[in-house]
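Engineer: Please see the structure below; I have some questions.
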2 protein chains.
Amino acid sequence: MICKERTKRRTQCYLMDPTPQDKPVATLADVARHANVSTATVSRCLNSPDQVVGRTRERVMQAVRDLGYTPNFSARALAAKQTNTVGAVIPTMENAVFARGIQAFQEELGRHGKTLLIASSGYKEALEEEQVRALVARGADALLLIGYHRSPGLYAFLRQRSVPTLVSWSYDAAQDQPAMGFDNKAAMAELARLALRQGHREIACISAPITSNDRARHRVEGIRLAMAEAGLDPFGLVLTEVPYGIDQGEVAFRTALAAAPETTLVMCGNDVLALGALRAAREMGLRVPLDVSVTGFDDIELAILAEPALTTVHVPHREMGRRAANTLIQMLNDGETPASVALPTDIRVRQSLGPPRQKTGL
Amino acid sequence: MICKERTKRRTQCYLMDPTPQDKPVATLADVARHANVSTATVSRCLNSPDQVVGRTRERVMQAVRDLGYTPNFSARALAAKQTNTVGAVIPTMENAVFARGIQAFQEELGRHGKTLLIASSGYKEALEEEQVRALVARGADALLLIGYHRSPGLYAFLRQRSVPTLVSWSYDAAQDQPAMGFDNKAAMAELARLALRQGHREIACISAPITSNDRARHRVEGIRLAMAEAGLDPFGLVLTEVPYGIDQGEVAFRTALAAAPETTLVMCGNDVLALGALRAAREMGLRVPLDVSVTGFDDIELAILAEPALTTVHVPHREMGRRAANTLIQMLNDGETPASVALPTDIRVRQSLGPPRQKTGL
DNA sequence: GGAAAGTATGTAAGCGCTTACATTTTTCGG
DNA sequence: CCGAAAAATGTAAGCGCTTACATACTTTCC
């Protein structure tokens, strides 16, 4: 049972609730008393052990063990004005892509003694802003954010609080915000060029909503760029925007094909949508890639397991996470703004993309 | 640039680094001064607004806005001795199952004004213990843990610190630790019974390492239970233990079939391993379920997309996460230990399980 | 109109730690 | 063996907030 009514002196808790486990938790001062040194010495033992002579250190460490002392994080953060914590706001953990990148990010941070605080925004801009502010209030020393798109006010806030911030999952040479990402537009354009070379002309795109999601927007732009290069009208692209999810991909595929039955290629903004599209195609009795080709983006583990295996853009998520961590740590140490990095992506050609069906006197 | 050398008076920072963004962040006291009230009043405005009369409140809130004040989390936590933070240690975020449950957990916590702190242990017991201690040191008011298996010392620590703790993803009536989970053994036994009824006798199991993972162990036990019920030797089960991952499932499938070529059914400890098994089967030219049946556990989204679709145990992960959040919040409020809950699971019969092949005079 | 009771606000003592500066102890060259 | 420099340790002032208790101001009711 918890001692809820806070009372001035902790010992009074005993009166109200004398359960044995409510023994007050050991503090630095307890350790100091037990080891017969000052609190400063204990603190030094914990934070910079080599400033303390061996014999004393032993004694203090023994006291720490005896009392089962654990430093209080809040007190430490308050006094030292740094938390060794890095925050990250991602759209959702349910997207394997973020889970993978963030896992690597966290592992690398851990290796450097930093802790990761994750928040998710559900792809909602307002919620993201809230989460960012919450992480800063909690003392995040640095921040990892996904994509560039967010209010100028938020960027200003981050600058005012001097919180080193790194953008990820995106790379845009035109932006001056440092990033560790990849060029969504170029990557998707390359995939589109490949498809166009195979003869596709009637193209549909299933994408996440593009207004507040630069990754999604850039991918669509990539398709349009390739179409323009090939002499097609970039606005001939049939675009269907849906939220994230396999089901959504399924729905969107039906919508798109209903709107444009001539479609021979459906390029999806990510693999999850593509998987949904594949499912819809199967249910509709369309053979992939004979009747219609489908492509994805991300190269999640399941892309290769799908039937047919998904042609997609491979993104080095783990490497991105790892390197983002290193970059952020360096920003923290040097206080310098690093140059943005565009990680290379490459196309994984598999079965879901083939030449378009011959026009049989339709 | 960050003012790194800490100096006694903040203003001295200016001397070393007069960049404009280093303007000191507004504190409670600043707000109080600006609104011409005491810090206590400001604090009350923020935490229990109805204790403050309207006119004063307005004035304070205006000051808060004017100064762009954000409360300092560490200071608040230190003074109030509570953080409104719940911690969770999961094996890995890369497992969609945890991602999904935790996402729901977080959403529900958010609805109640609590923040989630996630750590991952990589399925390593020692690391998990470390993470738990770290979360407690950071002031987690409560904890969500996966499975029962952990050192008694850790449980003792949690009790001593009176941190309400809920076990999840597991349910065992024999344990007195409160849980919001499901009965892994019973669920797997049911699936095994179904398979046995179809005539399978040569069974292999691909599982995560079972020594320090009660979920995995209970699932294996479930298979053995069903085998025993059917008059088979429970230790005739060919068990292959591998780490988590599609690739691992693939490897394990080959190993298992090499060791026991007669196998007609491969029951996997989770869907990811099963997906790997499916892939291996395909590569080996085995038809599923004609030559060999495969089952999974969890019912991840992709189970239905696999070829053939995976017969598996459906687990209500989102509901589990949501209810775990509610239970934990209740524990926090009442200080009472709730009864454990076993959520119902059910079998999703799909194509990957069929009757065993006829013995053709092998 | 004034005492009692209730409301609103202020005062100030911590919460558990870090760290600048002061003091004590050790080391070491001459 | 002495004194100065270096190393180890101690002292105490915060960090930014909450909250028990004190005080001031309103109501309420006889």
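Residues are referred to by chain and number: the chain letter is A, B, ... according to the order shown in the structure tokens, the number counts from 1 in that chain, and ligands are numbered separately from 1 in the order shown.
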Using only C-alpha atoms (C1' of nucleotides), determine which residues of chain B fall within 8 Å of chain D; present them as a list of chain:residue names.

Structural biologist: B:Thr27, B:Leu28, B:Ala40, B:Ser43, B:Asn72, B:Ala75, B:Arg76, B:Leu78, B:Ala79, B:Ala80

Engineer: Using only C-alpha atoms (C1' of nucleotides), what does the table of chain B residues within 9 Å of chain C look like, with each row giving the shortest atom pair and its distance in Å to one decimal, sorted by chain and ascending number, as CSV?

Structural biologist:
```
residue,atom,partner,partner_atom,distance
B:Arg6,CA,C:DT19,C1',8.6
B:Thr7,CA,C:DA20,C1',7.9
B:Lys8,CA,C:DA20,C1',6.9
B:Val37,CA,C:DT9,C1',8.1
B:Ser38,CA,C:DG10,C1',6.3
B:Thr39,CA,C:DG10,C1',8.8
B:Ala40,CA,C:DG10,C1',7.6
B:Thr41,CA,C:DT9,C1',6.8
B:Gln51,CA,C:DA8,C1',7.8
B:Val52,CA,C:DA8,C1',6.8
B:Val53,CA,C:DA8,C1',7.0
B:Ala75,CA,C:DC15,C1',8.5
B:Ala77,CA,C:DC15,C1',8.7
B:Leu78,CA,C:DC15,C1',5.2
B:Ala79,CA,C:DC15,C1',4.7
B:Ala80,CA,C:DC15,C1',7.7
B:Lys81,CA,C:DC15,C1',7.7
```

Engineer: Could you please tell me, as a ChimeraX atom specification, which residues of chain B have an atom within 7 Å of chain A when using only C-alpha atoms?

Structural biologist: /B:1-2,21-22,70-75,77-78,93-94,96,99-100,103,117-118,137-138,159-162,305-307,335-336

Engineer: Among stretch 155-242 of chain A, which residues carry a DSSP assignment of alpha helix (DSSP H), reported as a tab-separated table (two decimals) with C-alpha atoms, in the first residue's frame?

Structural biologist:
```
chain	number	residue	atom	x	y	z
A	155	TYR	CA	11.27	25.00	-34.38
A	156	ALA	CA	11.61	28.39	-32.72
A	157	PHE	CA	10.81	26.86	-29.35
A	158	LEU	CA	13.46	24.22	-29.84
A	159	ARG	CA	16.00	26.83	-30.82
A	160	GLN	CA	15.13	29.03	-27.88
A	184	ASN	CA	12.25	10.05	-50.59
A	185	LYS	CA	11.63	11.83	-53.83
A	186	ALA	CA	14.72	10.56	-55.60
A	187	ALA	CA	14.19	7.03	-54.37
A	188	MET	CA	10.61	6.87	-55.52
A	189	ALA	CA	11.49	8.55	-58.83
A	190	GLU	CA	14.01	5.84	-59.49
A	191	LEU	CA	11.48	3.11	-58.86
A	192	ALA	CA	8.98	4.90	-61.07
A	193	ARG	CA	11.55	5.20	-63.87
A	194	LEU	CA	12.11	1.49	-63.69
A	195	ALA	CA	8.39	0.88	-64.01
A	196	LEU	CA	8.02	3.36	-66.83
A	197	ARG	CA	10.80	1.64	-68.73
A	214	ASP	CA	6.72	15.32	-46.27
A	215	ARG	CA	7.91	11.74	-46.72
A	216	ALA	CA	4.62	10.81	-48.34
A	217	ARG	CA	4.53	14.01	-50.36
A	218	HIS	CA	8.06	13.61	-51.66
A	219	ARG	CA	7.37	10.08	-52.73
A	220	VAL	CA	4.40	11.19	-54.77
A	221	GLU	CA	6.50	13.97	-56.23
A	222	GLY	CA	9.08	11.40	-57.19
A	223	ILE	CA	6.54	9.51	-59.24
A	224	ARG	CA	5.41	12.70	-60.91
A	225	LEU	CA	8.97	13.68	-61.66
A	226	ALA	CA	9.63	10.39	-63.41
A	227	MET	CA	6.38	10.69	-65.32
A	228	ALA	CA	7.26	14.16	-66.51
A	229	GLU	CA	10.69	12.96	-67.59
```

Engineer: Find the spatial neighbours of A:Val292, counting only C-alpha atoms (C1' of nucleotides), within a cut-off of 6 Å - ignore same-chain residues fewer than 2 positions away - and output them as a list in words.

Structural biologist: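 The neighbour list is Thr264, Leu265, Val288, Pro289 and Leu290 of chain A.
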
Engineer: Residues as selected, C-alpha atoms, written as a compact mmCIF listing (two decimals), in the first residue's frame, can you do that?

Structural biologist:
```txt
# COMPACT_ATOMS: atom_id res chain seq x y z
CA THR A 264 -1.57 -1.17 -64.91
CA LEU A 265 0.61 -0.06 -62.03
CA VAL A 288 -0.10 -9.53 -59.92
CA PRO A 289 1.88 -8.59 -61.93
CA LEU A 290 0.08 -9.96 -64.97
```

Engineer: Between atom CA of B:Arg350 and atom CA of B:Arg282, what distance in Å does the model show, to one decimal?

Structural biologist: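 Separation between atom CA of B:Arg350 and atom CA of B:Arg282: 17.3 Å.
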
Engineer: Let's see if you can do this: from backbone DSSP, list all strand (DSSP E or B) residues in stretch 207-336 of chain B, as a PyMOL selection string.

Structural biologist: chain B and resi 207+238-241+265-268+293-295+298+311-314

Engineer: Write the residues of the preceding selection, restricted to N, CA and C atoms, as a compact mmCIF listing (two decimals), in the first residue's frame.

Structural biologist:
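Output saved as out.txt:
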```
# COMPACT_ATOMS: atom_id res chain seq x y z
N SER B 207 10.55 -22.83 -31.15
CA SER B 207 10.22 -21.93 -30.06
C SER B 207 11.36 -20.97 -29.77
N VAL B 238 9.64 -32.76 -31.10
CA VAL B 238 10.97 -32.32 -31.54
C VAL B 238 11.06 -30.81 -31.33
N LEU B 239 11.83 -30.40 -30.36
CA LEU B 239 11.87 -28.98 -30.00
C LEU B 239 13.14 -28.30 -30.51
N THR B 240 12.96 -27.22 -31.25
CA THR B 240 14.11 -26.44 -31.69
C THR B 240 13.97 -25.03 -31.11
N GLU B 241 14.97 -24.61 -30.37
CA GLU B 241 14.90 -23.27 -29.79
C GLU B 241 15.80 -22.32 -30.56
N LEU B 265 3.79 -31.84 -38.83
CA LEU B 265 3.27 -30.58 -38.27
C LEU B 265 4.39 -29.84 -37.54
N VAL B 266 4.55 -28.59 -37.90
CA VAL B 266 5.51 -27.75 -37.18
C VAL B 266 4.73 -26.65 -36.49
N MET B 267 4.71 -26.72 -35.16
CA MET B 267 4.01 -25.69 -34.40
C MET B 267 5.05 -24.66 -33.96
N CYS B 268 4.80 -23.41 -34.29
CA CYS B 268 5.78 -22.37 -33.96
C CYS B 268 5.32 -21.55 -32.78
N SER B 293 2.28 -29.23 -42.21
CA SER B 293 1.45 -28.13 -41.71
C SER B 293 2.30 -27.23 -40.82
N VAL B 294 1.91 -25.97 -40.77
CA VAL B 294 2.63 -25.00 -39.93
C VAL B 294 1.61 -24.19 -39.16
N THR B 295 1.86 -23.95 -37.89
CA THR B 295 0.97 -23.06 -37.12
C THR B 295 1.81 -21.99 -36.43
N ASP B 298 -0.14 -15.64 -32.07
CA ASP B 298 -0.21 -14.18 -31.94
C ASP B 298 -1.24 -13.57 -32.87
N THR B 311 -2.59 -20.52 -39.86
CA THR B 311 -3.47 -20.91 -38.76
C THR B 311 -2.74 -20.57 -37.47
N THR B 312 -3.40 -19.84 -36.62
CA THR B 312 -2.68 -19.33 -35.46
C THR B 312 -3.62 -19.06 -34.29
N VAL B 313 -3.07 -18.67 -33.18
CA VAL B 313 -3.86 -18.31 -32.01
C VAL B 313 -4.00 -16.80 -32.00
N HIS B 314 -5.20 -16.34 -31.98
CA HIS B 314 -5.39 -14.89 -31.95
C HIS B 314 -5.32 -14.37 -30.52
```

Engineer: What gap, in Å, lies between atom CA of A:Asp50 and atom CA of A:Ala140?

Structural biologist: 27.6 Å

Engineer: Using only C-alpha atoms, which residue out of B:Phe253, B:Tyr244, B:Phe105, B:Phe297 lies closest to B:Glu319?

Structural biologist: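 Ranking B:Phe253, B:Tyr244, B:Phe105, B:Phe297 by distance to B:Glu319, first place goes to B:Phe105.
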